[in-house]
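For reference, the structure discussed in these notes is given below.
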Amino acid sequence: MTKRDLLLWTGLLAGPAIWFLSFGANFSLAGWACALRWKPALYFVSAAALLVSAGSAWLAWAQWQQLGREHPGEAGGAIARSRTMAIGGVAISLLSGLLIAAQAIVETILGACD
């Protein structure tokens, strides 16, 4: 596996993985945060996850720019596959960030301990 392949797979999978981990971490910390009346721990997890998801989108975007800033088209081969993975990584990472932000809004507005 080349360095480019590793970066493409990271850009594609990091967003959903960090969403899953932040969801689990917030669920695990909710009881503790509510018992101690200290909800900033939940906000910190969401903020860190949002930053990592944005970093994953940036990584995929940078890979797409290095591959020529063109849409994959119908051509086959390694370049078209790499461009598809890069664009998919941007989209999936941004959608994962949207999920993380939506969960953080629910924690903030509705209150996790109420």
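So you can find residues: chains in the structure tokens are A, B, ... in the order shown, residues in each start at 1, and ligands are numbered from 1 in order.
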TODO: Excluding region 94-111 of chain A and residues on its chain fewer than 3 positions from it, collect all residues at most 10 Å away from it, counting only C-alpha atoms, and give them as a ChimeraX atom specification.
DONE: /A:14-20,22-23,26,30,34,39,42-58,88-91,114
Mind writing the picked residues with N, CA and C atoms as an mmCIF file, in the first residue's frame?
```
data_model
loop_
_atom_site.group_PDB
_atom_site.id
_atom_site.type_symbol
_atom_site.label_atom_id
_atom_site.label_comp_id
_atom_site.auth_asym_id
_atom_site.auth_seq_id
_atom_site.Cartn_x
_atom_site.Cartn_y
_atom_site.Cartn_z
ATOM 1 N N ALA A 14 -11.970 8.113 8.230
ATOM 2 C CA ALA A 14 -11.772 8.792 9.515
ATOM 3 C C ALA A 14 -13.021 9.520 9.990
ATOM 4 N N GLY A 15 -13.753 10.168 9.097
ATOM 5 C CA GLY A 15 -14.957 10.902 9.489
ATOM 6 C C GLY A 15 -16.009 10.012 10.154
ATOM 7 N N PRO A 16 -16.431 8.928 9.491
ATOM 8 C CA PRO A 16 -17.401 8.043 10.136
ATOM 9 C C PRO A 16 -16.863 7.381 11.404
ATOM 10 N N ALA A 17 -15.582 7.040 11.414
ATOM 11 C CA ALA A 17 -15.006 6.412 12.606
ATOM 12 C C ALA A 17 -15.016 7.379 13.782
ATOM 13 N N ILE A 18 -14.666 8.639 13.548
ATOM 14 C CA ILE A 18 -14.645 9.594 14.657
ATOM 15 C C ILE A 18 -16.049 9.920 15.118
ATOM 16 N N TRP A 19 -17.025 9.929 14.206
ATOM 17 C CA TRP A 19 -18.411 10.129 14.627
ATOM 18 C C TRP A 19 -18.838 8.985 15.546
ATOM 19 N N PHE A 20 -18.540 7.764 15.155
ATOM 20 C CA PHE A 20 -18.904 6.604 15.961
ATOM 21 C C PHE A 20 -18.238 6.662 17.330
ATOM 22 N N SER A 22 -17.098 9.365 18.916
ATOM 23 C CA SER A 22 -17.623 10.475 19.717
ATOM 24 C C SER A 22 -19.017 10.159 20.239
ATOM 25 N N PHE A 23 -19.807 9.469 19.444
ATOM 26 C CA PHE A 23 -21.135 9.063 19.887
ATOM 27 C C PHE A 23 -21.032 8.135 21.101
ATOM 28 N N ASN A 26 -19.629 10.180 24.187
ATOM 29 C CA ASN A 26 -20.658 11.027 24.806
ATOM 30 C C ASN A 26 -21.673 10.185 25.567
ATOM 31 N N ALA A 30 -22.064 10.621 29.642
ATOM 32 C CA ALA A 30 -23.280 11.342 30.013
ATOM 33 C C ALA A 30 -23.652 11.130 31.476
ATOM 34 N N CYS A 34 -23.530 14.198 34.148
ATOM 35 C CA CYS A 34 -24.763 14.620 34.806
ATOM 36 C C CYS A 34 -24.659 14.483 36.324
ATOM 37 N N LYS A 39 -21.044 19.421 32.387
ATOM 38 C CA LYS A 39 -21.314 19.048 31.007
ATOM 39 C C LYS A 39 -20.243 19.494 30.006
ATOM 40 N N LEU A 42 -18.766 16.776 27.767
ATOM 41 C CA LEU A 42 -19.505 16.369 26.571
ATOM 42 C C LEU A 42 -19.232 17.321 25.416
ATOM 43 N N TYR A 43 -19.137 18.605 25.718
ATOM 44 C CA TYR A 43 -18.856 19.589 24.672
ATOM 45 C C TYR A 43 -17.438 19.429 24.127
ATOM 46 N N PHE A 44 -16.505 19.091 25.010
ATOM 47 C CA PHE A 44 -15.125 18.899 24.573
ATOM 48 C C PHE A 44 -15.018 17.723 23.606
ATOM 49 N N VAL A 45 -15.702 16.629 23.907
ATOM 50 C CA VAL A 45 -15.679 15.462 23.026
ATOM 51 C C VAL A 45 -16.240 15.832 21.659
ATOM 52 N N SER A 46 -17.348 16.560 21.649
ATOM 53 C CA SER A 46 -17.959 16.957 20.375
ATOM 54 C C SER A 46 -17.058 17.915 19.597
ATOM 55 N N ALA A 47 -16.436 18.863 20.281
ATOM 56 C CA ALA A 47 -15.554 19.821 19.605
ATOM 57 C C ALA A 47 -14.321 19.116 19.032
ATOM 58 N N ALA A 48 -13.741 18.204 19.796
ATOM 59 C CA ALA A 48 -12.570 17.471 19.301
ATOM 60 C C ALA A 48 -12.947 16.605 18.102
ATOM 61 N N ALA A 49 -14.096 15.953 18.176
ATOM 62 C CA ALA A 49 -14.542 15.116 17.063
ATOM 63 C C ALA A 49 -14.811 15.960 15.820
ATOM 64 N N LEU A 50 -15.373 17.139 16.016
ATOM 65 C CA LEU A 50 -15.635 18.027 14.885
ATOM 66 C C LEU A 50 -14.331 18.477 14.226
ATOM 67 N N LEU A 51 -13.324 18.755 15.018
ATOM 68 C CA LEU A 51 -12.021 19.145 14.468
ATOM 69 C C LEU A 51 -11.365 18.010 13.691
ATOM 70 N N VAL A 52 -11.451 16.800 14.220
ATOM 71 C CA VAL A 52 -10.856 15.660 13.526
ATOM 72 C C VAL A 52 -11.607 15.373 12.225
ATOM 73 N N SER A 53 -12.920 15.488 12.258
ATOM 74 C CA SER A 53 -13.713 15.289 11.044
ATOM 75 C C SER A 53 -13.385 16.342 9.989
ATOM 76 N N ALA A 54 -13.218 17.587 10.417
ATOM 77 C CA ALA A 54 -12.825 18.648 9.481
ATOM 78 C C ALA A 54 -11.423 18.388 8.937
ATOM 79 N N GLY A 55 -10.539 17.886 9.772
ATOM 80 C CA GLY A 55 -9.200 17.534 9.314
ATOM 81 C C GLY A 55 -9.222 16.408 8.295
ATOM 82 N N SER A 56 -10.111 15.465 8.483
ATOM 83 C CA SER A 56 -10.263 14.372 7.532
ATOM 84 C C SER A 56 -10.770 14.888 6.187
ATOM 85 N N ALA A 57 -11.727 15.818 6.225
ATOM 86 C CA ALA A 57 -12.228 16.420 4.985
ATOM 87 C C ALA A 57 -11.115 17.209 4.294
ATOM 88 N N TRP A 58 -10.321 17.934 5.065
ATOM 89 C CA TRP A 58 -9.216 18.694 4.482
ATOM 90 C C TRP A 58 -8.184 17.758 3.855
ATOM 91 N N GLY A 88 -15.214 11.278 -2.415
ATOM 92 C CA GLY A 88 -16.046 10.571 -1.436
ATOM 93 C C GLY A 88 -15.604 10.855 -0.013
ATOM 94 N N GLY A 89 -14.300 10.945 0.197
ATOM 95 C CA GLY A 89 -13.780 11.266 1.525
ATOM 96 C C GLY A 89 -14.201 12.645 1.989
ATOM 97 N N VAL A 90 -14.179 13.612 1.077
ATOM 98 C CA VAL A 90 -14.636 14.963 1.426
ATOM 99 C C VAL A 90 -16.104 14.924 1.826
ATOM 100 N N ALA A 91 -16.924 14.273 1.008
ATOM 101 C CA ALA A 91 -18.362 14.235 1.265
ATOM 102 C C ALA A 91 -18.692 13.498 2.561
ATOM 103 N N ASP A 114 -31.200 16.967 31.527
ATOM 104 C CA ASP A 114 -32.548 17.365 31.923
ATOM 105 C C ASP A 114 -33.564 16.286 31.643
#
```
DSSP-assigned alpha helix (DSSP H) among chain A, expressed as a compact mmCIF listing (two decimals) with N, CA and C atoms, in the first residue's frame:
```
# COMPACT_ATOMS: atom_id res chain seq x y z
N LYS A 3 1.72 5.43 0.16
CA LYS A 3 1.36 6.53 1.07
C LYS A 3 0.07 7.20 0.61
N ARG A 4 -0.10 7.38 -0.70
CA ARG A 4 -1.31 8.01 -1.23
C ARG A 4 -2.55 7.16 -0.91
N ASP A 5 -2.43 5.85 -1.06
CA ASP A 5 -3.56 4.97 -0.73
C ASP A 5 -3.93 5.08 0.75
N LEU A 6 -2.92 5.13 1.59
CA LEU A 6 -3.17 5.27 3.02
C LEU A 6 -3.88 6.59 3.34
N LEU A 7 -3.44 7.66 2.70
CA LEU A 7 -4.08 8.96 2.91
C LEU A 7 -5.51 8.97 2.38
N LEU A 8 -5.74 8.33 1.23
CA LEU A 8 -7.09 8.27 0.67
C LEU A 8 -8.02 7.48 1.57
N TRP A 9 -7.56 6.33 2.06
CA TRP A 9 -8.40 5.53 2.96
C TRP A 9 -8.64 6.26 4.28
N THR A 10 -7.64 6.97 4.77
CA THR A 10 -7.82 7.75 6.00
C THR A 10 -8.85 8.84 5.79
N GLY A 11 -8.77 9.56 4.68
CA GLY A 11 -9.76 10.59 4.37
C GLY A 11 -11.16 10.04 4.22
N LEU A 12 -11.26 8.82 3.73
CA LEU A 12 -12.57 8.21 3.51
C LEU A 12 -13.18 7.64 4.79
N LEU A 13 -12.37 7.06 5.65
CA LEU A 13 -12.89 6.34 6.82
C LEU A 13 -12.80 7.09 8.15
N ALA A 14 -11.97 8.11 8.23
CA ALA A 14 -11.77 8.79 9.51
C ALA A 14 -13.02 9.52 9.99
N GLY A 15 -13.75 10.17 9.10
CA GLY A 15 -14.96 10.90 9.49
C GLY A 15 -16.01 10.01 10.15
N PRO A 16 -16.43 8.93 9.49
CA PRO A 16 -17.40 8.04 10.14
C PRO A 16 -16.86 7.38 11.40
N ALA A 17 -15.58 7.04 11.41
CA ALA A 17 -15.01 6.41 12.61
C ALA A 17 -15.02 7.38 13.78
N ILE A 18 -14.67 8.64 13.55
CA ILE A 18 -14.65 9.59 14.66
C ILE A 18 -16.05 9.92 15.12
N TRP A 19 -17.03 9.93 14.21
CA TRP A 19 -18.41 10.13 14.63
C TRP A 19 -18.84 8.98 15.55
N PHE A 20 -18.54 7.76 15.15
CA PHE A 20 -18.90 6.60 15.96
C PHE A 20 -18.24 6.66 17.33
N LEU A 21 -16.96 7.01 17.36
CA LEU A 21 -16.25 7.09 18.64
C LEU A 21 -16.78 8.23 19.51
N SER A 22 -17.10 9.37 18.92
CA SER A 22 -17.62 10.48 19.72
C SER A 22 -19.02 10.16 20.24
N PHE A 23 -19.81 9.47 19.44
CA PHE A 23 -21.13 9.06 19.89
C PHE A 23 -21.03 8.14 21.10
N GLY A 24 -20.14 7.17 21.02
CA GLY A 24 -19.92 6.25 22.14
C GLY A 24 -19.34 6.95 23.36
N ALA A 25 -18.40 7.87 23.13
CA ALA A 25 -17.79 8.58 24.25
C ALA A 25 -18.81 9.48 24.95
N ASN A 26 -19.63 10.18 24.19
CA ASN A 26 -20.66 11.03 24.81
C ASN A 26 -21.67 10.18 25.57
N PHE A 27 -22.03 9.04 25.02
CA PHE A 27 -22.96 8.15 25.72
C PHE A 27 -22.35 7.64 27.02
N SER A 28 -21.07 7.29 26.97
CA SER A 28 -20.39 6.79 28.16
C SER A 28 -20.19 7.87 29.22
N LEU A 29 -19.92 9.10 28.78
CA LEU A 29 -19.66 10.19 29.72
C LEU A 29 -20.92 10.86 30.25
N ALA A 30 -22.06 10.62 29.64
CA ALA A 30 -23.28 11.34 30.01
C ALA A 30 -23.65 11.13 31.48
N GLY A 31 -23.60 9.92 31.95
CA GLY A 31 -23.94 9.65 33.35
C GLY A 31 -23.00 10.35 34.31
N TRP A 32 -21.73 10.28 34.02
CA TRP A 32 -20.73 10.94 34.85
C TRP A 32 -20.88 12.45 34.82
N ALA A 33 -21.07 13.01 33.63
CA ALA A 33 -21.21 14.45 33.49
C ALA A 33 -22.46 14.97 34.20
N CYS A 34 -23.53 14.20 34.15
CA CYS A 34 -24.76 14.62 34.81
C CYS A 34 -24.66 14.48 36.32
N ALA A 35 -24.00 13.43 36.79
CA ALA A 35 -23.86 13.23 38.23
C ALA A 35 -23.01 14.33 38.86
N PRO A 40 -19.28 20.34 30.37
CA PRO A 40 -18.25 20.69 29.39
C PRO A 40 -17.47 19.48 28.86
N ALA A 41 -17.43 18.39 29.58
CA ALA A 41 -16.77 17.19 29.07
C ALA A 41 -17.45 16.70 27.79
N LEU A 42 -18.77 16.78 27.77
CA LEU A 42 -19.51 16.37 26.57
C LEU A 42 -19.23 17.32 25.42
N TYR A 43 -19.14 18.60 25.72
CA TYR A 43 -18.86 19.59 24.67
C TYR A 43 -17.44 19.43 24.13
N PHE A 44 -16.51 19.09 25.01
CA PHE A 44 -15.13 18.90 24.57
C PHE A 44 -15.02 17.72 23.61
N VAL A 45 -15.70 16.63 23.91
CA VAL A 45 -15.68 15.46 23.03
C VAL A 45 -16.24 15.83 21.66
N SER A 46 -17.35 16.56 21.65
CA SER A 46 -17.96 16.96 20.37
C SER A 46 -17.06 17.91 19.60
N ALA A 47 -16.44 18.86 20.28
CA ALA A 47 -15.55 19.82 19.61
C ALA A 47 -14.32 19.12 19.03
N ALA A 48 -13.74 18.20 19.80
CA ALA A 48 -12.57 17.47 19.30
C ALA A 48 -12.95 16.60 18.10
N ALA A 49 -14.10 15.95 18.18
CA ALA A 49 -14.54 15.12 17.06
C ALA A 49 -14.81 15.96 15.82
N LEU A 50 -15.37 17.14 16.02
CA LEU A 50 -15.64 18.03 14.88
C LEU A 50 -14.33 18.48 14.23
N LEU A 51 -13.32 18.76 15.02
CA LEU A 51 -12.02 19.15 14.47
C LEU A 51 -11.37 18.01 13.69
N VAL A 52 -11.45 16.80 14.22
CA VAL A 52 -10.86 15.66 13.53
C VAL A 52 -11.61 15.37 12.22
N SER A 53 -12.92 15.49 12.26
CA SER A 53 -13.71 15.29 11.04
C SER A 53 -13.38 16.34 9.99
N ALA A 54 -13.22 17.59 10.42
CA ALA A 54 -12.82 18.65 9.48
C ALA A 54 -11.42 18.39 8.94
N GLY A 55 -10.54 17.89 9.77
CA GLY A 55 -9.20 17.53 9.31
C GLY A 55 -9.22 16.41 8.29
N SER A 56 -10.11 15.46 8.48
CA SER A 56 -10.26 14.37 7.53
C SER A 56 -10.77 14.89 6.19
N ALA A 57 -11.73 15.82 6.23
CA ALA A 57 -12.23 16.42 4.99
C ALA A 57 -11.12 17.21 4.29
N TRP A 58 -10.32 17.93 5.07
CA TRP A 58 -9.22 18.69 4.48
C TRP A 58 -8.18 17.76 3.85
N LEU A 59 -7.89 16.63 4.51
CA LEU A 59 -6.95 15.66 3.98
C LEU A 59 -7.44 15.11 2.64
N ALA A 60 -8.72 14.75 2.57
CA ALA A 60 -9.27 14.24 1.32
C ALA A 60 -9.27 15.32 0.24
N TRP A 61 -9.57 16.55 0.62
CA TRP A 61 -9.55 17.67 -0.34
C TRP A 61 -8.14 17.89 -0.88
N ALA A 62 -7.15 17.82 -0.01
CA ALA A 62 -5.77 18.00 -0.44
C ALA A 62 -5.35 16.89 -1.41
N GLN A 63 -5.80 15.68 -1.15
CA GLN A 63 -5.49 14.58 -2.07
C GLN A 63 -6.15 14.79 -3.42
N TRP A 64 -7.38 15.28 -3.42
CA TRP A 64 -8.07 15.55 -4.68
C TRP A 64 -7.34 16.63 -5.47
N GLN A 65 -6.85 17.65 -4.78
CA GLN A 65 -6.11 18.71 -5.47
C GLN A 65 -4.82 18.17 -6.07
N GLN A 66 -4.15 17.28 -5.37
CA GLN A 66 -2.90 16.72 -5.89
C GLN A 66 -3.16 15.80 -7.09
N ALA A 78 -6.20 3.79 -11.91
CA ALA A 78 -5.85 4.20 -10.55
C ALA A 78 -6.17 5.67 -10.28
N ILE A 79 -5.97 6.54 -11.25
CA ILE A 79 -6.22 7.96 -11.03
C ILE A 79 -7.71 8.22 -10.83
N ALA A 80 -8.55 7.61 -11.65
CA ALA A 80 -10.00 7.79 -11.50
C ALA A 80 -10.48 7.23 -10.17
N ARG A 81 -9.94 6.08 -9.77
CA ARG A 81 -10.30 5.49 -8.47
C ARG A 81 -9.88 6.40 -7.33
N SER A 82 -8.68 6.94 -7.43
CA SER A 82 -8.18 7.83 -6.39
C SER A 82 -8.99 9.11 -6.30
N ARG A 83 -9.37 9.66 -7.44
CA ARG A 83 -10.20 10.86 -7.43
C ARG A 83 -11.57 10.58 -6.82
N THR A 84 -12.14 9.42 -7.12
CA THR A 84 -13.43 9.04 -6.54
C THR A 84 -13.32 8.90 -5.02
N MET A 85 -12.24 8.26 -4.57
CA MET A 85 -12.04 8.11 -3.13
C MET A 85 -11.85 9.47 -2.46
N ALA A 86 -11.14 10.37 -3.11
CA ALA A 86 -10.88 11.69 -2.52
C ALA A 86 -12.18 12.49 -2.41
N ILE A 87 -12.97 12.53 -3.47
CA ILE A 87 -14.25 13.26 -3.43
C ILE A 87 -15.19 12.61 -2.43
N GLY A 88 -15.21 11.28 -2.42
CA GLY A 88 -16.05 10.57 -1.44
C GLY A 88 -15.60 10.85 -0.01
N GLY A 89 -14.30 10.94 0.20
CA GLY A 89 -13.78 11.27 1.52
C GLY A 89 -14.20 12.64 1.99
N VAL A 90 -14.18 13.61 1.08
CA VAL A 90 -14.64 14.96 1.43
C VAL A 90 -16.10 14.92 1.83
N ALA A 91 -16.92 14.27 1.01
CA ALA A 91 -18.36 14.24 1.27
C ALA A 91 -18.69 13.50 2.56
N ILE A 92 -18.09 12.34 2.77
CA ILE A 92 -18.39 11.56 3.96
C ILE A 92 -17.88 12.25 5.22
N SER A 93 -16.72 12.88 5.15
CA SER A 93 -16.20 13.58 6.32
C SER A 93 -17.06 14.79 6.67
N LEU A 94 -17.53 15.52 5.66
CA LEU A 94 -18.41 16.66 5.94
C LEU A 94 -19.76 16.20 6.49
N LEU A 95 -20.28 15.10 5.97
CA LEU A 95 -21.54 14.58 6.52
C LEU A 95 -21.36 14.07 7.95
N SER A 96 -20.22 13.47 8.23
CA SER A 96 -19.94 13.04 9.60
C SER A 96 -19.82 14.24 10.53
N GLY A 97 -19.20 15.31 10.05
CA GLY A 97 -19.13 16.53 10.85
C GLY A 97 -20.50 17.11 11.10
N LEU A 98 -21.37 17.02 10.12
CA LEU A 98 -22.75 17.48 10.29
C LEU A 98 -23.47 16.66 11.35
N LEU A 99 -23.26 15.36 11.37
CA LEU A 99 -23.86 14.51 12.41
C LEU A 99 -23.33 14.87 13.79
N ILE A 100 -22.03 15.09 13.89
CA ILE A 100 -21.43 15.46 15.17
C ILE A 100 -21.99 16.79 15.65
N ALA A 101 -22.10 17.77 14.74
CA ALA A 101 -22.65 19.07 15.10
C ALA A 101 -24.11 18.95 15.51
N ALA A 102 -24.88 18.12 14.83
CA ALA A 102 -26.28 17.94 15.18
C ALA A 102 -26.42 17.35 16.58
N GLN A 103 -25.58 16.41 16.91
CA GLN A 103 -25.62 15.83 18.26
C GLN A 103 -25.19 16.84 19.31
N ALA A 104 -24.23 17.69 18.98
CA ALA A 104 -23.79 18.71 19.93
C ALA A 104 -24.90 19.75 20.15
N ILE A 105 -25.64 20.08 19.11
CA ILE A 105 -26.75 21.03 19.25
C ILE A 105 -27.82 20.45 20.17
N VAL A 106 -28.10 19.19 20.02
CA VAL A 106 -29.08 18.56 20.89
C VAL A 106 -28.61 18.58 22.33
```
